[in-house]
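Dropping model12.cif in here (mmCIF, C-alpha atoms):
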```cif
data_final
#
loop_
_atom_site.group_PDB
_atom_site.id
_atom_site.type_symbol
_atom_site.label_atom_id
_atom_site.label_comp_id
_atom_site.auth_asym_id
_atom_site.auth_seq_id
_atom_site.Cartn_x
_atom_site.Cartn_y
_atom_site.Cartn_z
ATOM 1 C CA MET A 1447 139.507 73.210 158.119
ATOM 2 C CA LEU A 1448 143.014 72.183 159.114
ATOM 3 C CA CYS A 1449 144.984 69.622 157.197
ATOM 4 C CA ALA A 1450 145.507 66.285 158.977
ATOM 5 C CA ASP A 1451 149.166 66.897 159.849
ATOM 6 C CA CYS A 1452 148.317 70.337 161.301
ATOM 7 C CA TYR A 1453 145.550 69.127 163.634
ATOM 8 C CA LEU A 1454 145.900 69.731 167.333
ATOM 9 C CA PRO A 1455 143.229 68.683 169.827
ATOM 10 C CA SER A 1456 141.147 71.544 171.091
ATOM 11 C CA TYR A 1457 141.411 72.689 174.664
ATOM 12 C CA SER A 1458 138.004 72.718 176.306
ATOM 13 C CA GLY A 1459 138.739 74.221 179.707
ATOM 14 C CA GLU A 1460 137.482 71.395 181.906
ATOM 15 C CA CYS A 1461 138.820 68.422 179.998
ATOM 16 C CA TYR A 1462 142.190 67.974 178.424
ATOM 17 C CA PRO A 1463 143.688 65.273 176.255
ATOM 18 C CA GLY A 1464 146.208 62.980 177.861
ATOM 19 C CA ASN A 1465 147.611 59.632 176.719
ATOM 20 C CA GLY A 1466 144.778 59.142 174.240
ATOM 21 C CA LYS A 1467 142.125 59.650 176.936
ATOM 22 C CA ARG A 1468 140.289 62.747 178.053
ATOM 23 C CA SER A 1469 140.714 63.512 181.715
ATOM 24 C CA CYS A 1470 138.119 65.838 183.188
ATOM 25 C CA LYS A 1471 138.193 68.164 186.148
ATOM 26 C CA ALA A 1472 141.964 68.471 186.214
ATOM 27 C CA ASP A 1473 143.382 71.157 188.437
ATOM 28 C CA ALA A 1474 143.997 74.616 186.977
ATOM 29 C CA SER A 1475 147.777 74.176 186.671
ATOM 30 C CA THR A 1476 147.342 71.052 184.511
ATOM 31 C CA ARG A 1477 144.851 72.801 182.232
ATOM 32 C CA LYS A 1478 147.139 75.832 181.968
ATOM 33 C CA LEU A 1479 150.092 73.655 181.030
ATOM 34 C CA SER A 1480 148.027 71.853 178.406
ATOM 35 C CA LEU A 1481 146.941 75.127 176.810
ATOM 36 C CA GLU A 1482 150.483 76.527 176.941
ATOM 37 C CA ASP A 1483 151.759 73.367 175.242
ATOM 38 C CA GLU A 1484 149.100 73.693 172.575
ATOM 39 C CA ILE A 1485 150.078 77.330 171.956
ATOM 40 C CA GLN A 1486 153.739 76.380 171.668
ATOM 41 C CA ALA A 1487 152.944 73.552 169.235
ATOM 42 C CA LEU A 1488 150.848 75.884 167.068
ATOM 43 C CA ARG A 1489 153.588 78.490 167.064
ATOM 44 C CA SER A 1490 156.200 75.928 166.051
ATOM 45 C CA ARG A 1491 153.935 74.601 163.292
ATOM 46 C CA MET A 1492 153.266 78.115 162.017
ATOM 47 C CA GLU A 1493 157.013 78.818 161.901
ATOM 48 C CA GLN A 1494 157.641 75.560 159.984
ATOM 49 C CA LEU A 1495 154.898 76.359 157.503
ATOM 50 C CA PHE A 1496 156.217 79.887 156.987
ATOM 51 C CA MET A 1497 159.674 78.511 156.190
ATOM 52 C CA GLN A 1498 158.136 75.967 153.818
ATOM 53 C CA GLU A 1499 155.769 78.409 152.089
ATOM 54 C CA LYS A 1500 158.090 81.439 152.328
ATOM 55 C CA SER A 1501 155.012 83.577 152.769
ATOM 56 C CA PHE A 1502 153.059 85.126 155.618
ATOM 57 C CA THR A 1503 150.002 85.232 153.390
ATOM 58 C CA SER A 1504 149.699 81.605 152.310
ATOM 59 C CA ASP A 1505 146.352 80.112 153.275
ATOM 60 C CA ILE A 1506 147.768 77.497 155.651
ATOM 61 C CA VAL A 1507 150.020 80.007 157.481
ATOM 62 C CA ILE A 1508 147.065 82.351 157.935
ATOM 63 C CA GLU A 1509 144.896 79.460 159.118
ATOM 64 C CA ILE A 1510 147.410 78.348 161.760
ATOM 65 C CA SER A 1511 148.017 81.974 162.762
ATOM 66 C CA SER A 1512 144.285 82.500 163.292
ATOM 67 C CA LEU A 1513 144.023 79.364 165.401
ATOM 68 C CA LEU A 1514 147.040 80.491 167.405
ATOM 69 C CA ASP A 1515 145.342 83.854 168.006
ATOM 70 C CA LEU A 1516 142.260 82.084 169.346
ATOM 71 C CA LYS A 1517 144.332 79.960 171.730
ATOM 72 C CA ILE A 1518 146.311 82.960 172.966
ATOM 73 C CA ASN A 1519 143.031 84.827 173.590
ATOM 74 C CA GLU A 1520 141.698 81.803 175.480
ATOM 75 C CA TYR A 1521 144.862 81.742 177.590
ATOM 76 C CA MET A 1522 144.623 85.460 178.345
ATOM 77 C CA ARG A 1523 140.930 85.184 179.321
ATOM 78 C CA GLY A 1524 141.864 82.432 181.754
ATOM 79 C CA ARG A 1525 144.588 84.586 183.288
ATOM 80 C CA MET A 1526 142.247 87.555 183.657
ATOM 81 C CA ARG A 1527 139.711 85.413 185.548
ATOM 82 C CA ARG A 1528 142.363 84.273 188.014
ATOM 83 C CA ASP A 1529 143.659 87.795 188.715
#
```
In structure tokens, write the structure found in this file.
Amino acid sequence: MLCADCYLPSYSGECYPGNGKRSCKADASTRKLSLEDEIQALRSRMEQLFMQEKSFTSDIVIEISSLLDLKINEYMRGRMRRD
């Protein structure tokens, strides 16, 4: 469970968050951008938490790192389907 200030909306593939609404059936480039933005935000948050905690093994750093891994895997699966 992520803390409230660490929460990022999940990327579902067909729908993506935008301006407080969920827009469905966006084109592939919009979904890709949304997932890339989410990955970048997670990476930035993980870096901030590492600097704050001064540890790669703190629970929150590991939690964000694991979520980042999932999002990167999701991104790579999407790329493999397109190729």
Discussion item. Between atom CA of Arg1491 of chain A and atom CA of Ile1518 of chain A, what distance in Å does the model show, to one decimal?
Written reply: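 Going from atom CA of Arg1491 of chain A over to atom CA of Ile1518 of chain A, I get 14.9 Å.
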Item to complete: Go through A:Asp1505, A:Glu1499, A:Ala1487, A:Leu1481 and flag the residue nearest Asn1519 of chain A, using all atoms listed in the file for the distances.
Response: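 Nearest to Asn1519 of chain A: A:Leu1481.
Going from atom CA of Leu1514 of chain A to atom CA of Arg1528 of chain A covers 21.5 Å.
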Protein and nucleic acid residues near (154.2, 74.8, 162.9) (cut-off 10 Å, only C-alpha atoms) as a PDB file with C-alpha atoms, in the coordinates of the input:
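Saved as selection_37.pdb:
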```
ATOM      1  CA  ASP A1451     149.166  66.897 159.849  1.00  0.00           C
ATOM      2  CA  CYS A1452     148.317  70.337 161.301  1.00  0.00           C
ATOM      3  CA  GLN A1486     153.739  76.380 171.668  1.00  0.00           C
ATOM      4  CA  ALA A1487     152.944  73.552 169.235  1.00  0.00           C
ATOM      5  CA  LEU A1488     150.848  75.884 167.068  1.00  0.00           C
ATOM      6  CA  ARG A1489     153.588  78.490 167.064  1.00  0.00           C
ATOM      7  CA  SER A1490     156.200  75.928 166.051  1.00  0.00           C
ATOM      8  CA  ARG A1491     153.935  74.601 163.292  1.00  0.00           C
ATOM      9  CA  MET A1492     153.266  78.115 162.017  1.00  0.00           C
ATOM     10  CA  GLU A1493     157.013  78.818 161.901  1.00  0.00           C
ATOM     11  CA  GLN A1494     157.641  75.560 159.984  1.00  0.00           C
ATOM     12  CA  LEU A1495     154.898  76.359 157.503  1.00  0.00           C
ATOM     13  CA  PHE A1496     156.217  79.887 156.987  1.00  0.00           C
ATOM     14  CA  MET A1497     159.674  78.511 156.190  1.00  0.00           C
ATOM     15  CA  GLN A1498     158.136  75.967 153.818  1.00  0.00           C
ATOM     16  CA  VAL A1507     150.020  80.007 157.481  1.00  0.00           C
ATOM     17  CA  ILE A1510     147.410  78.348 161.760  1.00  0.00           C
ATOM     18  CA  SER A1511     148.017  81.974 162.762  1.00  0.00           C
TER      19      SER A1511
END
```
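Here atom CA of Gly1524 of chain A and atom CA of Glu1509 of chain A stand 23.0 Å from one another.
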Discussion item. Considering all atoms listed in the file, can you say which of A:Arg1523, A:Lys1500, A:Asp1529, A:Lys1517 comes closest to Asp1483 of chain A?
Written reply: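 Checking each of A:Arg1523, A:Lys1500, A:Asp1529, A:Lys1517 against Asp1483 of chain A, counting all atoms listed in the file, the winner is A:Lys1517.
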